[in-house]
Every structure is written in structure tokens, then in C-alpha cells.
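Novice: Contents of input_23.pdb (PDB, C-alpha atoms) are below:
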```pdb
MODEL        1
ATOM      1  CA  MET A  16    -100.983   6.963   9.509
ATOM      2  CA  LEU A  17     -99.948   8.206  12.922
ATOM      3  CA  GLY A  18    -102.683   6.075  14.475
ATOM      4  CA  TRP A  19    -101.235   2.974  12.812
ATOM      5  CA  VAL A  20     -97.762   3.723  14.181
ATOM      6  CA  VAL A  21     -99.035   4.440  17.684
ATOM      7  CA  GLY A  22    -101.302   1.419  17.681
ATOM      8  CA  GLY A  23     -98.628  -0.906  16.320
ATOM      9  CA  VAL A  24     -95.854   0.255  18.651
ATOM     10  CA  GLY A  25     -98.158   0.267  21.667
ATOM     11  CA  THR A  26     -99.410  -3.244  20.944
ATOM     12  CA  PHE A  27     -95.894  -4.545  20.384
ATOM     13  CA  VAL A  28     -94.554  -3.098  23.668
ATOM     14  CA  VAL A  29     -97.516  -4.257  25.747
ATOM     15  CA  SER A  30     -97.455  -7.704  24.131
ATOM     16  CA  LEU A  31     -93.723  -8.015  24.720
ATOM     17  CA  VAL A  32     -94.176  -7.286  28.425
ATOM     18  CA  PHE A  33     -97.107  -9.708  28.714
ATOM     19  CA  ALA A  34     -95.206 -12.448  26.861
ATOM     20  CA  CYS A  35     -92.263 -12.085  29.266
ATOM     21  CA  MET A  36     -94.727 -12.478  32.151
ATOM     22  CA  PHE A  37     -96.751 -15.381  30.789
ATOM     23  CA  LEU A  38     -93.918 -17.558  29.464
ATOM     24  CA  PRO A  39     -92.468 -18.281  32.952
ATOM     25  CA  MET A  40     -96.004 -19.145  34.066
ATOM     26  CA  ARG A  41     -96.276 -21.558  31.131
ATOM     27  CA  CYS A  42     -92.982 -23.193  32.180
ATOM     28  CA  ARG A  43     -93.816 -23.396  35.880
ATOM     29  CA  GLY A  44     -92.970 -26.856  37.148
ATOM     30  CA  VAL A  45     -90.562 -27.398  34.237
ATOM     31  CA  GLY A  46     -87.803 -24.855  34.819
ATOM     32  CA  SER A  47     -86.721 -21.351  33.960
ATOM     33  CA  PRO A  48     -87.169 -20.256  30.317
ATOM     34  CA  PHE A  49     -84.492 -17.603  30.819
ATOM     35  CA  GLY A  50     -81.548 -19.823  31.742
ATOM     36  CA  ARG A  51     -78.304 -19.721  29.756
ATOM     37  CA  HIS A  52     -79.312 -22.417  27.251
ATOM     38  CA  ALA A  53     -83.037 -21.656  27.177
ATOM     39  CA  ARG A  54     -82.745 -17.864  26.816
ATOM     40  CA  PRO A  55     -82.358 -17.748  22.982
ATOM     41  CA  TRP A  56     -85.477 -19.860  22.422
ATOM     42  CA  ALA A  57     -87.394 -17.891  25.048
ATOM     43  CA  ALA A  58     -86.443 -14.667  23.289
ATOM     44  CA  PHE A  59     -87.575 -16.107  19.954
ATOM     45  CA  ILE A  60     -90.948 -17.168  21.382
ATOM     46  CA  VAL A  61     -91.480 -13.841  23.128
ATOM     47  CA  LEU A  62     -90.619 -11.790  20.024
ATOM     48  CA  ALA A  63     -92.686 -14.007  17.734
ATOM     49  CA  THR A  64     -95.652 -13.700  20.094
ATOM     50  CA  ALA A  65     -95.282  -9.911  20.236
ATOM     51  CA  LEU A  66     -95.102  -9.669  16.424
ATOM     52  CA  LEU A  67     -98.155 -11.899  16.068
ATOM     53  CA  SER A  68     -99.990  -9.733  18.588
ATOM     54  CA  THR A  69     -99.041  -6.589  16.667
ATOM     55  CA  ALA A  70    -100.258  -8.065  13.386
ATOM     56  CA  PHE A  71    -103.549  -9.051  14.974
ATOM     57  CA  GLY A  72    -103.884  -5.621  16.553
ATOM     58  CA  LEU A  73    -103.294  -3.887  13.222
ATOM     59  CA  LEU A  74    -105.968  -6.025  11.600
ATOM     60  CA  VAL A  75    -108.393  -4.911  14.284
ATOM     61  CA  LEU A  76    -107.275  -1.313  13.731
ATOM     62  CA  ALA A  77    -107.875  -1.621  10.000
ATOM     63  CA  ALA A  78    -111.389  -2.866  10.631
ATOM     64  CA  SER A  79    -112.344  -0.373  13.356
ATOM     65  CA  HIS A  80    -110.270   2.674  12.344
ATOM     66  CA  GLN A  81    -109.713   3.347  16.055
ATOM     67  CA  ALA A  82    -106.077   3.391  17.281
ATOM     68  CA  PRO A  83    -106.845   2.072  20.801
ATOM     69  CA  ALA A  84    -108.497  -0.962  19.214
ATOM     70  CA  ALA A  85    -105.047  -2.199  18.205
ATOM     71  CA  LEU A  86    -104.365  -3.016  21.849
ATOM     72  CA  VAL A  87    -106.787  -5.915  21.483
ATOM     73  CA  GLY A  88    -103.812  -7.754  20.035
ATOM     74  CA  ALA A  89    -102.270  -7.757  23.507
ATOM     75  CA  ILE A  90    -104.531 -10.671  24.444
ATOM     76  CA  VAL A  91    -102.474 -13.000  22.225
ATOM     77  CA  PRO A  92     -99.616 -13.496  24.770
ATOM     78  CA  GLY A  93    -102.196 -14.936  27.170
ATOM     79  CA  GLY A  94    -102.081 -18.034  24.998
ATOM     80  CA  LEU A  95     -98.602 -18.755  26.351
ATOM     81  CA  TRP A  96    -100.192 -19.313  29.751
ATOM     82  CA  LEU A  97    -103.685 -20.554  28.945
ATOM     83  CA  THR A  98    -102.887 -23.020  26.185
ATOM     84  CA  SER A  99    -101.240 -26.379  26.744
ATOM     85  CA  VAL A 100     -98.457 -26.735  24.194
ATOM     86  CA  SER A 101     -96.339 -29.720  25.200
ATOM     87  CA  ALA A 102     -93.010 -30.735  23.754
ATOM     88  CA  PRO A 103     -93.623 -33.441  21.134
ATOM     89  CA  ARG A 104     -91.662 -36.662  21.373
ATOM     90  CA  ASP A 105     -91.158 -36.804  17.613
ATOM     91  CA  ARG A 106     -89.462 -33.566  16.544
ATOM     92  CA  LEU A 107     -89.975 -34.371  12.841
ATOM     93  CA  ARG A 108     -93.736 -34.485  13.337
ATOM     94  CA  ALA A 109     -93.842 -31.335  15.471
ATOM     95  CA  GLY A 110     -95.957 -28.501  14.141
ATOM     96  CA  TRP A 111     -94.722 -24.991  13.529
ATOM     97  CA  LEU A 112     -96.231 -23.877  16.840
ATOM     98  CA  SER A 113     -94.942 -26.667  19.060
ATOM     99  CA  ARG A 114     -91.441 -26.937  17.586
ATOM    100  CA  PRO A 115     -90.058 -23.783  19.318
ATOM    101  CA  PHE A 116     -91.465 -25.054  22.591
ATOM    102  CA  SER A 117     -89.803 -28.418  21.993
ATOM    103  CA  HIS A 118     -86.450 -26.683  21.601
ATOM    104  CA  LEU A 119     -87.187 -24.514  24.638
ATOM    105  CA  TYR A 120     -87.955 -27.523  26.837
ATOM    106  CA  ASP A 121     -84.786 -29.259  25.664
ATOM    107  CA  ALA A 122     -82.767 -26.159  26.553
ATOM    108  CA  ILE A 123     -84.455 -25.901  29.952
ATOM    109  CA  GLY A 124     -83.434 -29.518  30.541
ATOM    110  CA  GLU A 125     -79.831 -28.622  29.711
ATOM    111  CA  ASP A 126     -79.919 -25.740  32.195
ATOM    112  CA  MET A 127     -81.378 -27.997  34.885
ATOM    113  CA  HIS A 128     -78.747 -30.654  34.212
ATOM    114  CA  ALA A 129     -75.927 -28.095  34.458
ATOM    115  CA  TRP A 130     -77.362 -26.664  37.701
ATOM    116  CA  SER A 131     -77.770 -30.086  39.279
ATOM    117  CA  THR A 132     -74.410 -31.407  38.070
ATOM    118  CA  ILE A 133     -72.473 -28.610  39.782
ATOM    119  CA  ARG A 134     -74.159 -29.377  43.105
ATOM    120  CA  HIS A 135     -73.868 -33.133  42.588
ATOM    121  CA  ARG A 136     -70.117 -32.954  42.002
ATOM    122  CA  ALA A 137     -69.589 -30.721  45.032
ATOM    123  CA  ALA A 138     -71.600 -32.997  47.317
ATOM    124  CA  THR A 139     -70.057 -36.291  46.182
ATOM    125  CA  GLU A 140     -66.479 -35.282  46.972
ATOM    126  CA  GLU A 141     -67.029 -36.692  50.468
ATOM    127  CA  LEU A 142     -69.396 -39.486  51.493
ATOM    128  CA  GLN A 143     -70.979 -37.554  54.362
ATOM    129  CA  TRP A 144     -71.489 -34.483  52.186
ATOM    130  CA  ILE A 145     -74.068 -36.415  50.125
ATOM    131  CA  SER A 146     -76.260 -36.701  53.198
ATOM    132  CA  ASP A 147     -75.447 -33.217  54.471
ATOM    133  CA  ALA A 148     -76.193 -31.636  51.086
ATOM    134  CA  ALA A 149     -79.666 -33.180  50.934
ATOM    135  CA  THR A 150     -80.363 -31.946  54.462
ATOM    136  CA  TYR A 151     -78.995 -28.466  53.725
ATOM    137  CA  TYR A 152     -81.006 -27.955  50.526
ATOM    138  CA  TYR A 153     -84.160 -29.302  52.173
ATOM    139  CA  GLU A 154     -83.808 -26.912  55.106
ATOM    140  CA  GLN A 155     -83.363 -24.001  52.697
ATOM    141  CA  VAL A 156     -86.606 -24.603  50.808
ATOM    142  CA  LYS A 157     -88.988 -26.398  53.164
ATOM    143  CA  SER A 158     -90.541 -23.239  54.619
ATOM    144  CA  ARG A 159     -91.103 -21.730  51.150
ATOM    145  CA  ILE A 160     -92.793 -24.658  49.403
ATOM    146  CA  LYS A 161     -96.590 -24.410  49.424
ATOM    147  CA  ASP A 162     -97.196 -27.657  47.540
ATOM    148  CA  ARG A 163     -97.491 -30.279  50.292
ATOM    149  CA  GLN A 164     -97.055 -33.172  47.899
ATOM    150  CA  ALA A 165     -93.832 -31.721  46.490
ATOM    151  CA  LEU A 166     -92.570 -31.034  50.007
ATOM    152  CA  ALA A 167     -93.387 -34.573  51.117
ATOM    153  CA  GLU A 168     -91.517 -35.948  48.086
ATOM    154  CA  LEU A 169     -88.425 -33.918  48.934
ATOM    155  CA  CYS A 170     -88.671 -35.027  52.559
ATOM    156  CA  ASP A 171     -88.861 -38.694  51.517
ATOM    157  CA  TRP A 172     -85.784 -38.346  49.305
ATOM    158  CA  ARG A 173     -83.909 -36.511  52.048
ATOM    159  CA  ASP A 174     -84.722 -39.221  54.603
ATOM    160  CA  SER A 175     -83.781 -41.993  52.181
ATOM    161  CA  ILE A 176     -80.441 -40.363  51.317
ATOM    162  CA  VAL A 177     -79.554 -39.781  54.973
ATOM    163  CA  HIS A 178     -80.530 -43.356  55.845
ATOM    164  CA  LYS A 179     -78.483 -44.941  53.046
ATOM    165  CA  ILE A 180     -75.371 -42.873  53.714
ATOM    166  CA  SER A 181     -75.598 -43.749  57.405
ATOM    167  CA  ALA A 182     -75.739 -47.421  56.423
ATOM    168  CA  VAL A 183     -72.627 -47.019  54.253
ATOM    169  CA  ARG A 184     -70.815 -45.411  57.170
ATOM    170  CA  LEU A 185     -71.793 -48.322  59.419
ATOM    171  CA  ILE A 186     -70.347 -50.760  56.886
ATOM    172  CA  LYS A 187     -67.104 -48.792  56.666
ATOM    173  CA  LEU A 188     -66.890 -48.838  60.473
ATOM    174  CA  ASP A 189     -67.080 -52.675  60.433
ATOM    175  CA  THR A 190     -70.311 -52.798  62.383
ATOM    176  CA  THR A 191     -71.815 -56.107  63.414
ATOM    177  CA  PRO A 192     -74.166 -57.885  60.987
ATOM    178  CA  ALA A 193     -76.965 -57.697  63.541
ATOM    179  CA  ARG A 194     -76.664 -53.945  63.956
ATOM    180  CA  LEU A 195     -76.466 -53.421  60.207
ATOM    181  CA  HIS A 196     -79.525 -55.587  59.652
ATOM    182  CA  ASP A 197     -81.480 -53.629  62.282
ATOM    183  CA  TRP A 198     -80.517 -50.357  60.603
ATOM    184  CA  LEU A 199     -81.531 -51.565  57.135
ATOM    185  CA  GLN A 200     -84.943 -52.575  58.474
ATOM    186  CA  LYS A 201     -85.647 -49.007  59.620
ATOM    187  CA  HIS A 202     -86.387 -47.711  56.118
ATOM    188  CA  PRO A 203     -88.609 -49.288  53.414
ATOM    189  CA  SER A 204     -86.030 -48.745  50.672
ATOM    190  CA  THR A 205     -83.460 -51.006  52.369
ATOM    191  CA  GLN A 206     -85.598 -53.638  54.042
ATOM    192  CA  ASN A 207     -84.953 -56.188  51.264
ATOM    193  CA  LEU A 208     -81.172 -55.790  51.082
ATOM    194  CA  ARG A 209     -80.212 -58.368  53.693
ATOM    195  CA  ARG A 210     -78.800 -60.817  51.138
ATOM    196  CA  TYR A 211     -76.162 -58.252  50.211
ATOM    197  CA  ALA A 212     -75.299 -57.654  53.851
ATOM    198  CA  ASP A 213     -74.734 -61.340  54.454
ATOM    199  CA  ASP A 214     -72.764 -62.031  51.290
ATOM    200  CA  ASP A 215     -70.768 -59.000  50.238
ATOM    201  CA  LEU A 216     -70.628 -55.859  52.398
ATOM    202  CA  PRO A 217     -68.445 -53.808  49.991
ATOM    203  CA  ARG A 218     -70.929 -54.512  47.220
ATOM    204  CA  LEU A 219     -73.787 -53.441  49.490
ATOM    205  CA  ALA A 220     -71.957 -50.214  50.360
ATOM    206  CA  ARG A 221     -71.456 -49.390  46.664
ATOM    207  CA  ARG A 222     -75.120 -50.136  45.970
ATOM    208  CA  LEU A 223     -76.331 -47.897  48.803
ATOM    209  CA  GLU A 224     -74.017 -45.029  47.862
ATOM    210  CA  SER A 225     -75.067 -45.270  44.210
ATOM    211  CA  ASP A 226     -78.749 -45.233  45.174
ATOM    212  CA  ALA A 227     -78.193 -42.244  47.465
ATOM    213  CA  THR A 228     -76.409 -40.196  44.787
ATOM    214  CA  HIS A 229     -79.129 -41.035  42.262
ATOM    215  CA  GLU A 230     -81.775 -39.879  44.724
ATOM    216  CA  LEU A 231     -79.777 -36.701  45.298
ATOM    217  CA  ASP A 232     -79.972 -36.045  41.537
ATOM    218  CA  LEU A 233     -83.751 -36.513  41.633
ATOM    219  CA  PHE A 234     -83.929 -34.264  44.691
ATOM    220  CA  LEU A 235     -81.937 -31.496  42.996
ATOM    221  CA  ASP A 236     -83.941 -31.721  39.766
ATOM    222  CA  SER A 237     -87.158 -31.335  41.756
ATOM    223  CA  VAL A 238     -85.787 -28.320  43.629
ATOM    224  CA  TYR A 239     -84.829 -26.717  40.301
ATOM    225  CA  ARG A 240     -88.263 -27.319  38.789
ATOM    226  CA  LEU A 241     -89.902 -25.821  41.869
ATOM    227  CA  GLY A 242     -88.053 -22.588  41.148
ATOM    228  CA  TYR A 243     -85.358 -22.505  43.856
ATOM    229  CA  ARG A 244     -82.411 -22.016  41.550
ATOM    230  CA  LYS A 245     -80.344 -19.519  43.545
ATOM    231  CA  LEU A 246     -79.310 -21.832  46.372
ATOM    232  CA  LEU A 247     -75.658 -21.701  47.316
ATOM    233  CA  ILE A 248     -73.630 -24.756  46.401
ATOM    234  CA  TYR A 249     -73.069 -27.090  49.336
ATOM    235  CA  PRO A 250     -70.476 -27.287  50.885
ATOM    236  CA  PHE A 251     -69.088 -24.098  49.310
ATOM    237  CA  ARG A 252     -71.066 -21.753  51.510
ATOM    238  CA  PRO A 253     -69.660 -19.608  54.342
ATOM    239  CA  SER A 254     -68.726 -21.272  57.613
ATOM    240  CA  VAL A 255     -69.227 -24.833  56.390
ATOM    241  CA  HIS A 256     -66.801 -27.690  55.790
ATOM    242  CA  ARG A 257     -63.328 -26.612  54.806
ATOM    243  CA  SER A 258     -60.688 -28.858  53.371
ATOM    244  CA  PRO A 259     -57.818 -29.922  55.658
ATOM    245  CA  ARG A 260     -55.461 -27.719  53.644
ATOM    246  CA  ALA A 261     -57.610 -24.646  54.151
ATOM    247  CA  SER A 262     -57.885 -25.370  57.869
ATOM    248  CA  THR A 263     -54.149 -25.740  58.354
ATOM    249  CA  SER A 264     -53.327 -22.654  56.319
ATOM    250  CA  THR A 265     -55.431 -20.320  58.435
TER     251      THR A 265
ENDMDL
END
```
How would this structure read if it were set down as C-alpha cells?
Specialist:
Amino acid sequence: MLGWVVGGVGTFVVSLVFACMFLPMRCRGVGSPFGRHARPWAAFIVLATALLSTAFGLLVLAASHQAPAALVGAIVPGGLWLTSVSAPRDRLRAGWLSRPFSHLYDAIGEDMHAWSTIRHRAATEELQWISDAATYYYEQVKSRIKDRQALAELCDWRDSIVHKISAVRLIKLDTTPARLHDWLQKHPSTQNLRRYADDDLPRLARRLESDATHELDLFLDSVYRLGYRKLLIYPFRPSVHRSPRASTST
């Protein structure tokens, strides 16, 4: 009887630790399974995996009559990492195994949206901050990203955002049509926008700013999925832009 208790408790503890290790690996490239919204579903999956491991370990113990054999159940959490359980599009048709993961992925999406929205709202308070935020976040992560394709994607978004915001600033400064046209031709994403420049500059400015903010959202979502979720919110970091009121009050 003592062997059953020791084997069961040992398997449960080891499996719980392994499940907590393997679940983030399973969600790599998607987001954190331990965010505010995702945490309850992550806890459910981890506990369910540990209980399943314990049950399997006890079955092995019953067959072998050797307490250490129960630890074989600790291999079950490896399925969180090795198997490919994707979130089904049709929740009603989801199986009992994939349904918790479907809820987990939805919750991870909510955490990513909340994380990105805070930084989006802070950056879009001023036109130039949209460009500066993309540059700031890129500089914070570029030396830590090992995936060259992901880094190149972030770099392309950063360059596109900076280019479009610079074009909006040129329009607001009443630049000449020739200079604006030359600037738009410098980046592939704006080379076909001349008809807007000739016909309606305010409309072009709104289009460019909208495209830049959308690309900032894509940029932030990618940064979150890559795992860099502790970045300070731009511009609310030390020694950066202060509002005119804060400057005059000091």
C-alpha cells in the first residue's frame, strides 16, 4: 500500500513539473500559456495531464509490483510537446482532447490582444510616436532574436512604418508634389499611391497613417508571439517623451 502512495505521489509531482515545462514549448510561436486569460486553461491542462500520468503510472505499478515503475507515467507530459494538437476551427466538432487546447489558444489570443492594445494606444497618441515606437521595440529585441526570417519580417515592418509616417509628416508640412512623389517611390509599399497624392492629400495622409498603425499591430503581435512580453510601454519609459504639462511642471 505504501508503494502505491509513494509511486502515485511521485508520478504526480514529476508529471506536474514536466507538464509545466512542456506546455510553454508546445505554445512556442503562439504566445504564453500562463497569461491572465490563458492561465486557467493552462492549469486545467497541466493538472489533467498530471492526473493522466499518475493513472498510467499506477497501472504500470499494478502490473509490475515495483514502486519505481510508476514513474513511467511521467512520460505522458511529453505529449504536450511532441504531439501536434491544433485548435479546431469548429468548436462543436472538437474532440475531448483538442477542446481544452482550443480554449487555451483563444485565451492566449486575448492576452496578446490586451498586450498589443496597451502599446498601440500609447504609441498612437502622437503621430511621430507610431514611428518611434516601432523603432524602439525593434531595437530592444533585434539582438535577441535568433530566427533570421522573423527578424527580417520585423525589420520590414519597422521600415515600412517609419517610411509611411515620414510621408504623412511631409504632407502635413505642405511639401511639394514632386518631393512627395520622390519619397513615395522610395518604398515598395507606397510606389503605387501617386493618384492619391495628385488628387487628395488629406485622404492620402489618412491612408498612410492607417496602414502604419495596422502594421504596428502586426509588429507588436509578432513580438508577443516571439516571447518578448516584458518590454516597457513606449513612450512611458524613463527619460523619453514627456507631455508639455509634465515638462512645464518640473
Novice: Looking at all atoms listed in the file, which of A:Trp198, A:Glu141, A:Leu241, A:Ala63 is the one that sits closest to A:Asp162?
Specialist: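 That would be A:Leu241, the residue with the smallest distance to A:Asp162.
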Novice: Give the answer as one residue: which of A:Leu231, A:Ala220, A:Ile176, A:Ile123 has the shortest atom-to-atom distance to A:Arg43, using all atoms listed in the file?
Specialist: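 Smallest separation from A:Arg43 among the options: A:Ile123.
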Novice: Can you list, as a list in words, the residues that the PyMOL selection byres ((chain A and resi 224-229) around 7) selects here?
Specialist: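 With the shown file as input, the PyMOL selection byres ((chain A and resi 224-229) around 7) matches Ile145, Ile176, Lys179, Ile180, Val183, Ala220, Arg221, Arg222, Leu223, Glu230, Leu231, Asp232 and Leu233 of chain A.
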Novice: Need to verify the contact set: A:Gln143, 9 Å, all atoms listed in the file, exclusion of same-chain residues closer than 5 positions in sequence. Can you return it as a ChimeraX atom specification?
Specialist: /A:138,148,177,180-181,184
Novice: Once the PyMOL selection byres ((chain A and resi 50) around 9) has been evaluated on this model, what residues remain selected, and can you format them as number ranges by chain?
Specialist: A: 46-49, 51-54, 122-123, 126-127
Novice: Mind pulling up the distance from atom CA of A:Phe234 to atom CA of A:Arg218?
Specialist: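 Going from atom CA of A:Arg218 over to atom CA of A:Phe234, I get 24.2 Å.
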Novice: How big is the axis-aligned box, and where does its centre sit, when it encloses all atoms of stretch 247-251 of chain A listed in the file and has 8 Å added on every side, reported in Å to one decimal as JSON?
Specialist:
```
{"center_x": -72.4, "center_y": -24.5, "center_z": 48.6, "size_x": 22.6, "size_y": 21.6, "size_z": 20.5}
```
Novice: May I have the residues within 8 Å of A:Arg244 as number ranges by chain, using all atoms listed in the file and disregarding those fewer than 5 positions away in the same chain?
Specialist: A: 130, 238-239
Novice: Rounded to one decimal, what separation in Å do you get between atom CA of A:Ala165 and atom CA of A:Ala137?
Specialist: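 It comes out at 24.3 Å.
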Novice: For atom CA of A:Leu166 and atom CA of A:Gly124, quote the distance in Å rounded to one decimal.
Specialist: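 For atom CA of A:Leu166 relative to atom CA of A:Gly124, the distance reads 21.6 Å.
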Novice: Please determine, counting only C-alpha atoms, which residue among A:Ser175, A:Thr150, A:Thr26, A:Thr139 has the shortest atom-to-atom distance to A:His202.
Specialist: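 Checking each candidate against A:His202, we get A:Ser175 as the closest.
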Novice: In terms of the shortest atom-to-atom distance over all atoms listed in the file, which of A:Arg114, A:Arg134, A:His196, A:Arg41 is closest to A:Lys245?
Specialist: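 The answer is A:Arg134, which sits nearest to A:Lys245.
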Novice: Under the rule that all atoms listed in the file are counted, which of A:Ala34, A:Arg173, A:Ser68, A:Leu219 is the nearest residue to A:Leu185?
Specialist: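 Among A:Ala34, A:Arg173, A:Ser68, A:Leu219, it is A:Leu219 that comes nearest to A:Leu185.
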Novice: Would you mind telling me which residue in A:Cys170, A:Trp56, A:Val156, A:Thr69 lies nearest to A:Asp121 when using only C-alpha atoms?
Specialist: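 Ranking A:Cys170, A:Trp56, A:Val156, A:Thr69 by distance to A:Asp121, first place goes to A:Trp56.
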